[in-house]
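Okay, query.tsv is below, TSV, C-alpha atoms:
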```
chain	number	residue	atom	x	y	z
A	1	MET	CA	77.61	198.15	53.53
A	2	VAL	CA	79.29	196.37	50.59
A	3	THR	CA	80.59	192.91	51.43
A	4	THR	CA	84.13	191.70	50.66
A	5	ASN	CA	82.71	189.17	48.15
A	6	VAL	CA	80.86	191.90	46.25
A	7	ILE	CA	84.00	194.07	46.16
A	8	ARG	CA	86.05	191.18	44.75
A	9	LEU	CA	83.50	190.49	42.05
A	10	HIS	CA	83.30	194.20	41.28
A	11	GLU	CA	87.04	194.34	40.71
A	12	ASP	CA	86.87	191.28	38.44
A	13	LEU	CA	84.09	192.87	36.36
A	14	GLU	CA	85.10	196.52	36.38
A	15	THR	CA	85.86	196.47	32.64
A	16	SER	CA	82.57	194.80	31.66
A	17	PRO	CA	80.79	196.83	28.96
A	18	LEU	CA	77.52	196.09	30.78
A	19	PHE	CA	78.59	198.48	33.56
A	20	SER	CA	80.16	201.19	31.40
A	21	GLY	CA	79.33	204.69	32.68
A	22	LEU	CA	77.92	203.49	36.01
A	23	ALA	CA	79.20	204.76	39.34
A	24	GLU	CA	81.07	202.26	41.51
A	25	ARG	CA	78.22	202.31	44.03
A	26	GLN	CA	75.70	201.49	41.30
A	27	VAL	CA	77.79	198.58	40.00
A	28	SER	CA	78.12	197.17	43.52
A	29	GLU	CA	74.35	197.45	44.02
A	30	VAL	CA	73.59	195.58	40.80
A	31	ILE	CA	76.12	192.83	41.59
A	32	SER	CA	74.84	192.43	45.15
A	33	ARG	CA	71.35	191.64	43.80
A	34	GLY	CA	72.61	188.70	41.76
A	35	HIS	CA	73.79	185.35	43.03
A	36	ARG	CA	77.10	183.67	42.31
A	37	ARG	CA	77.03	180.26	40.69
A	38	VAL	CA	79.94	177.92	39.90
A	39	VAL	CA	79.32	175.42	37.08
A	40	PRO	CA	81.80	172.62	36.23
A	41	GLY	CA	82.95	172.33	32.62
A	42	GLY	CA	80.52	170.38	30.46
A	43	GLU	CA	77.47	171.06	32.61
A	44	THR	CA	74.44	172.90	31.25
A	45	LEU	CA	73.17	176.21	32.64
A	46	PHE	CA	69.93	176.09	30.63
A	47	ASN	CA	68.50	174.30	27.63
A	48	CYS	CA	67.00	175.64	24.44
A	49	GLY	CA	63.24	176.00	24.83
A	50	GLU	CA	63.19	176.38	28.61
A	51	PRO	CA	61.51	179.47	30.10
A	52	ALA	CA	63.92	182.42	29.99
A	53	ASP	CA	63.78	183.34	33.66
A	54	GLN	CA	67.40	184.27	34.44
A	55	PHE	CA	69.97	186.74	33.14
A	56	PHE	CA	73.69	185.91	33.40
A	57	LEU	CA	77.13	187.51	33.41
A	58	VAL	CA	80.35	185.49	33.15
A	59	VAL	CA	82.89	186.17	35.90
A	60	GLU	CA	85.47	183.47	35.13
A	61	GLY	CA	85.76	180.76	32.50
A	62	ALA	CA	83.64	180.60	29.35
A	63	VAL	CA	80.14	179.53	28.29
A	64	LYS	CA	79.25	178.01	24.92
A	65	LEU	CA	75.89	178.96	23.40
A	66	PHE	CA	74.70	176.49	20.79
A	67	ARG	CA	71.67	175.05	19.04
A	68	ALA	CA	71.33	171.31	18.41
A	69	MET	CA	69.53	170.75	15.12
A	70	SER	CA	67.04	167.98	14.33
A	71	ASN	CA	69.53	166.35	11.92
A	72	GLY	CA	72.06	165.93	14.72
A	73	HIS	CA	74.27	168.85	13.74
A	74	VAL	CA	75.33	171.35	16.40
A	75	VAL	CA	75.68	175.04	15.58
A	76	VAL	CA	77.76	177.10	17.99
A	77	VAL	CA	76.31	180.59	18.19
A	78	ARG	CA	78.79	182.27	20.49
A	79	ILE	CA	81.41	181.81	23.20
A	80	ILE	CA	80.73	184.06	26.20
A	81	ARG	CA	83.80	185.17	28.15
A	82	PRO	CA	84.45	187.07	31.42
A	83	GLY	CA	82.62	190.37	31.62
A	84	GLU	CA	80.08	189.42	28.94
A	85	PRO	CA	76.36	188.99	29.67
A	86	PHE	CA	74.06	186.45	28.06
A	87	ALA	CA	70.40	185.40	28.07
A	88	ALA	CA	69.21	188.97	27.47
A	89	CYS	CA	65.95	187.50	26.16
A	90	SER	CA	64.99	187.02	29.81
A	91	VAL	CA	64.71	190.79	30.30
A	92	VAL	CA	64.20	192.35	26.86
A	93	GLY	CA	62.04	189.62	25.33
A	94	ARG	CA	58.36	188.79	25.75
A	95	PRO	CA	57.14	187.73	29.20
A	96	ASP	CA	56.74	184.16	27.92
A	97	ALA	CA	60.14	184.11	26.16
A	98	THR	CA	62.15	180.89	26.07
A	99	TYR	CA	65.89	180.48	25.67
A	100	PRO	CA	66.68	180.22	21.93
A	101	VAL	CA	69.93	178.31	22.58
A	102	THR	CA	71.49	175.94	25.09
A	103	ALA	CA	74.17	177.36	27.41
A	104	ARG	CA	76.90	174.97	28.54
A	105	ALA	CA	80.04	175.60	30.57
A	106	TRP	CA	82.86	175.28	28.03
A	107	MET	CA	85.21	174.90	31.01
A	108	ASP	CA	84.72	175.47	34.73
A	109	VAL	CA	82.81	178.74	34.88
A	110	THR	CA	81.66	181.24	37.49
A	111	VAL	CA	78.64	183.35	36.63
A	112	LEU	CA	76.43	185.91	38.28
A	113	ALA	CA	72.73	185.22	37.80
A	114	TRP	CA	69.73	187.50	38.31
A	115	SER	CA	66.08	186.53	38.15
A	116	ARG	CA	64.01	188.12	35.38
A	117	GLY	CA	62.20	190.34	37.90
A	118	THR	CA	65.36	191.50	39.66
A	119	MET	CA	67.28	192.46	36.52
A	120	SER	CA	64.20	194.07	34.95
A	121	SER	CA	63.93	196.28	38.04
A	122	GLU	CA	67.61	197.20	37.80
A	123	LEU	CA	67.23	198.15	34.14
A	124	ARG	CA	64.29	200.42	34.96
A	125	ARG	CA	66.19	201.94	37.87
A	126	LEU	CA	69.39	202.55	35.87
A	127	PRO	CA	68.83	203.83	32.32
A	128	THR	CA	72.58	203.62	31.61
A	129	LEU	CA	72.52	199.90	32.41
A	130	GLN	CA	69.57	199.47	30.07
A	131	TYR	CA	71.35	201.40	27.31
A	132	ASN	CA	74.51	199.29	27.71
A	133	LEU	CA	72.55	196.05	27.47
A	134	LEU	CA	70.72	197.15	24.34
A	135	GLN	CA	74.03	198.19	22.78
A	136	LEU	CA	75.46	194.74	23.51
A	137	VAL	CA	72.40	192.97	22.13
A	138	SER	CA	72.72	195.01	18.93
A	139	GLN	CA	76.43	194.21	18.70
A	140	TYR	CA	75.83	190.48	19.18
A	141	GLN	CA	73.12	190.58	16.54
A	142	ASP	CA	75.47	192.23	14.02
A	143	GLN	CA	78.14	189.62	14.70
A	144	THR	CA	75.63	186.81	14.27
A	145	VAL	CA	74.56	188.24	10.90
A	146	ASP	CA	78.21	188.43	9.83
A	147	ARG	CA	78.71	184.76	10.72
A	148	LEU	CA	75.52	183.79	8.91
A	149	CYS	CA	76.78	185.55	5.79
A	150	GLU	CA	80.13	183.76	6.14
A	151	SER	CA	78.49	180.35	6.40
A	152	SER	CA	76.22	181.07	3.43
A	153	THR	CA	78.78	182.47	1.01
A	154	GLN	CA	82.32	181.40	1.97
A	155	PRO	CA	84.09	178.09	1.40
A	156	VAL	CA	85.00	176.06	4.48
A	157	ALA	CA	88.70	176.95	4.41
A	158	GLN	CA	87.88	180.65	4.52
A	159	ARG	CA	85.40	180.12	7.36
A	160	LEU	CA	87.91	178.09	9.38
A	161	ALA	CA	90.58	180.76	8.94
A	162	HIS	CA	88.09	183.40	10.09
A	163	CYS	CA	87.14	181.26	13.08
A	164	LEU	CA	90.75	180.71	14.22
A	165	LEU	CA	91.58	184.40	13.90
A	166	ARG	CA	88.45	185.36	15.81
A	167	LEU	CA	89.24	182.93	18.63
A	168	ALA	CA	92.83	184.20	18.78
A	169	ASP	CA	91.58	187.77	19.01
A	170	GLN	CA	89.32	186.83	21.93
A	171	ALA	CA	91.84	184.81	23.95
A	172	SER	CA	95.37	183.81	22.96
A	173	ILE	CA	98.85	183.50	24.43
A	174	PRO	CA	101.98	184.64	22.50
A	175	THR	CA	104.53	181.80	22.27
A	176	THR	CA	107.72	181.20	20.33
A	177	ASP	CA	105.64	179.20	17.83
A	178	GLY	CA	102.97	181.88	17.35
A	179	LEU	CA	99.64	182.71	18.96
A	180	GLN	CA	98.31	179.78	20.98
A	181	LEU	CA	94.55	179.73	21.51
A	182	ARG	CA	94.20	179.99	25.27
A	183	ASP	CA	91.26	177.63	25.61
A	184	PRO	CA	91.39	173.89	24.91
A	185	LEU	CA	89.63	173.23	21.63
A	186	THR	CA	88.77	169.97	19.89
A	187	ARG	CA	88.46	169.52	16.15
A	188	GLN	CA	84.79	168.70	16.68
A	189	GLU	CA	84.23	172.05	18.40
A	190	LEU	CA	85.99	173.83	15.53
A	191	ALA	CA	83.69	172.02	13.11
A	192	GLU	CA	80.67	173.21	15.11
A	193	PHE	CA	81.98	176.79	15.09
A	194	CYS	CA	82.40	176.71	11.32
A	195	GLY	CA	79.30	174.76	10.39
A	196	THR	CA	81.17	171.90	8.76
A	197	THR	CA	82.26	168.32	9.47
A	198	LEU	CA	84.97	166.89	11.72
A	199	HIS	CA	86.57	165.23	8.68
A	200	THR	CA	86.86	168.53	6.79
A	201	VAL	CA	88.38	170.41	9.75
A	202	SER	CA	90.86	167.58	10.41
A	203	ARG	CA	91.91	167.54	6.75
A	204	LEU	CA	92.39	171.32	6.59
A	205	LEU	CA	94.33	171.51	9.85
A	206	ALA	CA	96.62	168.68	8.74
A	207	GLN	CA	97.29	170.49	5.45
A	208	TRP	CA	97.85	173.83	7.18
A	209	GLU	CA	100.22	172.24	9.67
A	210	ARG	CA	102.30	170.82	6.80
A	211	ASP	CA	102.28	174.28	5.22
A	212	GLY	CA	103.40	175.97	8.46
A	213	LEU	CA	100.21	177.96	9.13
A	214	VAL	CA	99.26	176.23	12.39
A	215	ARG	CA	100.58	173.84	14.99
A	216	VAL	CA	98.09	171.37	16.41
A	217	GLY	CA	98.44	169.45	19.67
A	218	ARG	CA	96.05	167.68	22.00
A	219	CYS	CA	93.11	170.13	22.20
A	220	ARG	CA	95.55	172.95	21.47
A	221	VAL	CA	95.91	175.07	18.34
A	222	THR	CA	98.67	177.61	17.72
A	223	LEU	CA	98.50	180.08	14.85
A	224	ALA	CA	102.03	179.98	13.44
A	225	SER	CA	101.31	182.51	10.68
A	226	THR	CA	98.43	184.90	11.32
A	227	LYS	CA	99.31	186.86	8.16
A	228	ARG	CA	98.82	183.82	5.93
A	229	LEU	CA	95.61	182.92	7.75
A	230	GLN	CA	94.37	186.48	7.22
A	231	LEU	CA	95.08	186.10	3.51
A	232	LEU	CA	93.17	182.82	3.47
A	233	SER	CA	90.23	184.43	5.25
A	234	MET	CA	89.97	187.04	2.49
A	235	GLN	CA	90.18	184.70	-0.51
```
Could you render the structure from this file as structure tokens?
Amino acid sequence: MVTTNVIRLHEDLETSPLFSGLAERQVSEVISRGHRRVVPGGETLFNCGEPADQFFLVVEGAVKLFRAMSNGHVVVVRIIRPGEPFAACSVVGRPDATYPVTARAWMDVTVLAWSRGTMSSELRRLPTLQYNLLQLVSQYQDQTVDRLCESSTQPVAQRLAHCLLRLADQASIPTTDGLQLRDPLTRQELAEFCGTTLHTVSRLLAQWERDGLVRVGRCRVTLASTKRLQLLSMQ
């Protein structure tokens, strides 16, 4: 019998691409074999280099995946939002795989977590689930390559415009001033997303605010002119 908690989680995750094509009963079975975990914002779920022994799916909130470099720089790889899985290396990688990034709660986050053995069994039992996961891994890989090409070939202003548009596409709120990024975002985090410095991001945002492209508040950014930002991203 499916518990009330499982049903609630199922409803929250019914649009997750991980469960596309699965019957409701199958989704409930997979969810029931995971465990729910609430992580306060700023806390770490796992560190880069630790054994990859758990697979995760975000229910609420967001998780930041990043790599801290030896020179002190931080490279943000991806923001994981509700319905998105992460740490696929725990089930599609080598048995001795380690996490290639650190996962930190960007804000208060609720996740479902499965052990390597449990999720591996579910993937063998449900070929559609396995197919969906491989599709997502391929999609994430393509997006990572695109970002690598951006950072290698585009000037910072173009990368920052791309970054703001991408974040707005993922989560934004229409306001009278434009599209406000839903999540609180510091200039330092924007610098990490774009692979540049805090000084450069602050300078560009100040210039763009004077030019009417953005409005910047305390940890809040509103895109006042997405069309002009799109033009910047293509220059």
Next on the checklist: Show me, as JSON, numbers by chain, the residues that have an atom within 10 Å of stretch 207-210 of chain A when counting all atoms listed in the file, minus same-chain residues fewer than 5 positions from it.
Outcome noted: {"A": [201, 202, 215, 216, 222, 223, 224, 225, 229]}
Saved selection, atoms kept: C-alpha atoms, as a PDB file, keeping the file's coordinate frame:
```pdb
ATOM      1  CA  VAL A 201      88.380 170.410   9.750  1.00  0.00           C
ATOM      2  CA  SER A 202      90.860 167.580  10.410  1.00  0.00           C
ATOM      3  CA  ARG A 215     100.580 173.840  14.990  1.00  0.00           C
ATOM      4  CA  VAL A 216      98.090 171.370  16.410  1.00  0.00           C
ATOM      5  CA  THR A 222      98.670 177.610  17.720  1.00  0.00           C
ATOM      6  CA  LEU A 223      98.500 180.080  14.850  1.00  0.00           C
ATOM      7  CA  ALA A 224     102.030 179.980  13.440  1.00  0.00           C
ATOM      8  CA  SER A 225     101.310 182.510  10.680  1.00  0.00           C
ATOM      9  CA  LEU A 229      95.610 182.920   7.750  1.00  0.00           C
TER      10      LEU A 229
END
```
Checklist entry - What does the distance from atom CA of A:Lys64 to atom CA of A:Leu148 come to in Å, to one decimal? => result 17.4 Å
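Considering only C-alpha atoms, the residue among A:Val137, A:Val39, A:Ala68, A:Ile173 positioned nearest to A:Glu84 is A:Val137.
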Give me the residues within 12 Å of A:Gln130 as an mmCIF file with C-alpha atoms, in the coordinates of the input, counting only C-alpha atoms and dropping any in the same chain fewer than 5 places off.
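Result file follows (out35.cif):
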```cif
data_model
loop_
_atom_site.group_PDB
_atom_site.id
_atom_site.type_symbol
_atom_site.label_atom_id
_atom_site.label_comp_id
_atom_site.auth_asym_id
_atom_site.auth_seq_id
_atom_site.Cartn_x
_atom_site.Cartn_y
_atom_site.Cartn_z
ATOM 1 C CA PRO A 17 80.790 196.830 28.960
ATOM 2 C CA LEU A 18 77.520 196.090 30.780
ATOM 3 C CA PHE A 19 78.590 198.480 33.560
ATOM 4 C CA SER A 20 80.160 201.190 31.400
ATOM 5 C CA GLY A 21 79.330 204.690 32.680
ATOM 6 C CA LEU A 22 77.920 203.490 36.010
ATOM 7 C CA ALA A 88 69.210 188.970 27.470
ATOM 8 C CA VAL A 91 64.710 190.790 30.300
ATOM 9 C CA VAL A 92 64.200 192.350 26.860
ATOM 10 C CA MET A 119 67.280 192.460 36.520
ATOM 11 C CA SER A 120 64.200 194.070 34.950
ATOM 12 C CA SER A 121 63.930 196.280 38.040
ATOM 13 C CA GLU A 122 67.610 197.200 37.800
ATOM 14 C CA LEU A 123 67.230 198.150 34.140
ATOM 15 C CA ARG A 124 64.290 200.420 34.960
ATOM 16 C CA ARG A 125 66.190 201.940 37.870
ATOM 17 C CA GLN A 135 74.030 198.190 22.780
ATOM 18 C CA LEU A 136 75.460 194.740 23.510
ATOM 19 C CA VAL A 137 72.400 192.970 22.130
#
```
Checklist entry - In Å to one decimal, how far is atom CA of A:Gly41 from atom CA of A:Ser115? => result 22.7 Å
Checklist outcome for this item: Using all atoms listed in the file, the residue out of A:Gln158, A:Thr153, A:Ser28, A:Thr102 with shortest distance to A:Phe86 is A:Thr102
Checklist entry - What gap, in Å, lies between atom CA of A:Phe56 and atom CA of A:Ser32? => result 13.5 Å
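Here the question is which of A:Val101, A:Cys48, A:Met69, A:Leu190 gets nearest to A:Arg159 using all atoms listed in the file, and that residue is A:Leu190.
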Item to check | Selected residue of minimal separation from A:Phe55 among A:Gln26, A:Ala113, A:Arg147, A:Gly42, counting only C-alpha atoms | outcome: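 Among the listed residues, A:Ala113 lies closest to A:Phe55.
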Dig up all the protein and nucleic acid residues within 12 Å of (76.3, 175.5, 34.7) in the file frame, using only C-alpha atoms, and format them as a tab-separated table (two decimals) with C-alpha atoms, keeping the file's coordinate frame.
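File written: selection_19.tsv
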```
chain	number	residue	atom	x	y	z
A	36	ARG	CA	77.10	183.67	42.31
A	37	ARG	CA	77.03	180.26	40.69
A	38	VAL	CA	79.94	177.92	39.90
A	39	VAL	CA	79.32	175.42	37.08
A	40	PRO	CA	81.80	172.62	36.23
A	41	GLY	CA	82.95	172.33	32.62
A	42	GLY	CA	80.52	170.38	30.46
A	43	GLU	CA	77.47	171.06	32.61
A	44	THR	CA	74.44	172.90	31.25
A	45	LEU	CA	73.17	176.21	32.64
A	46	PHE	CA	69.93	176.09	30.63
A	47	ASN	CA	68.50	174.30	27.63
A	56	PHE	CA	73.69	185.91	33.40
A	58	VAL	CA	80.35	185.49	33.15
A	61	GLY	CA	85.76	180.76	32.50
A	62	ALA	CA	83.64	180.60	29.35
A	63	VAL	CA	80.14	179.53	28.29
A	64	LYS	CA	79.25	178.01	24.92
A	65	LEU	CA	75.89	178.96	23.40
A	102	THR	CA	71.49	175.94	25.09
A	103	ALA	CA	74.17	177.36	27.41
A	104	ARG	CA	76.90	174.97	28.54
A	105	ALA	CA	80.04	175.60	30.57
A	106	TRP	CA	82.86	175.28	28.03
A	107	MET	CA	85.21	174.90	31.01
A	108	ASP	CA	84.72	175.47	34.73
A	109	VAL	CA	82.81	178.74	34.88
A	110	THR	CA	81.66	181.24	37.49
A	111	VAL	CA	78.64	183.35	36.63
A	112	LEU	CA	76.43	185.91	38.28
A	113	ALA	CA	72.73	185.22	37.80
```
Which residues come within 12 Å of A:Ala168, counting all atoms listed in the file, excluding same-chain residues fewer than 4 positions away, as a short mmCIF file (atom, residue, chain, number, x, y, z; two decimals) with C-alpha atoms, keeping the file's coordinate frame?
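Done, and the output landed in out.cif:
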```cif
data_model
loop_
_atom_site.label_atom_id
_atom_site.label_comp_id
_atom_site.auth_asym_id
_atom_site.auth_seq_id
_atom_site.Cartn_x
_atom_site.Cartn_y
_atom_site.Cartn_z
CA ALA A 161 90.58 180.76 8.94
CA HIS A 162 88.09 183.40 10.09
CA CYS A 163 87.14 181.26 13.08
CA LEU A 164 90.75 180.71 14.22
CA SER A 172 95.37 183.81 22.96
CA ILE A 173 98.85 183.50 24.43
CA PRO A 174 101.98 184.64 22.50
CA GLY A 178 102.97 181.88 17.35
CA LEU A 179 99.64 182.71 18.96
CA GLN A 180 98.31 179.78 20.98
CA LEU A 181 94.55 179.73 21.51
CA ARG A 182 94.20 179.99 25.27
CA ASP A 183 91.26 177.63 25.61
CA LEU A 185 89.63 173.23 21.63
CA ARG A 220 95.55 172.95 21.47
CA VAL A 221 95.91 175.07 18.34
CA THR A 222 98.67 177.61 17.72
CA LEU A 223 98.50 180.08 14.85
CA ALA A 224 102.03 179.98 13.44
CA SER A 225 101.31 182.51 10.68
CA THR A 226 98.43 184.90 11.32
CA LEU A 229 95.61 182.92 7.75
CA GLN A 230 94.37 186.48 7.22
#
```
Checklist entry - Which of these residues is nearest to A:Arg166, using all atoms listed in the file: A:Arg203, A:Leu129, A:Thr196, A:Arg78? => result A:Arg78
Checklist entry - Of the candidates A:Pro155, A:Pro127, A:Gly34, A:Gly195, which one gets nearest to A:Val77 if we count all atoms listed in the file? => result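 So, comparing all the options, the nearest one is A:Gly195.
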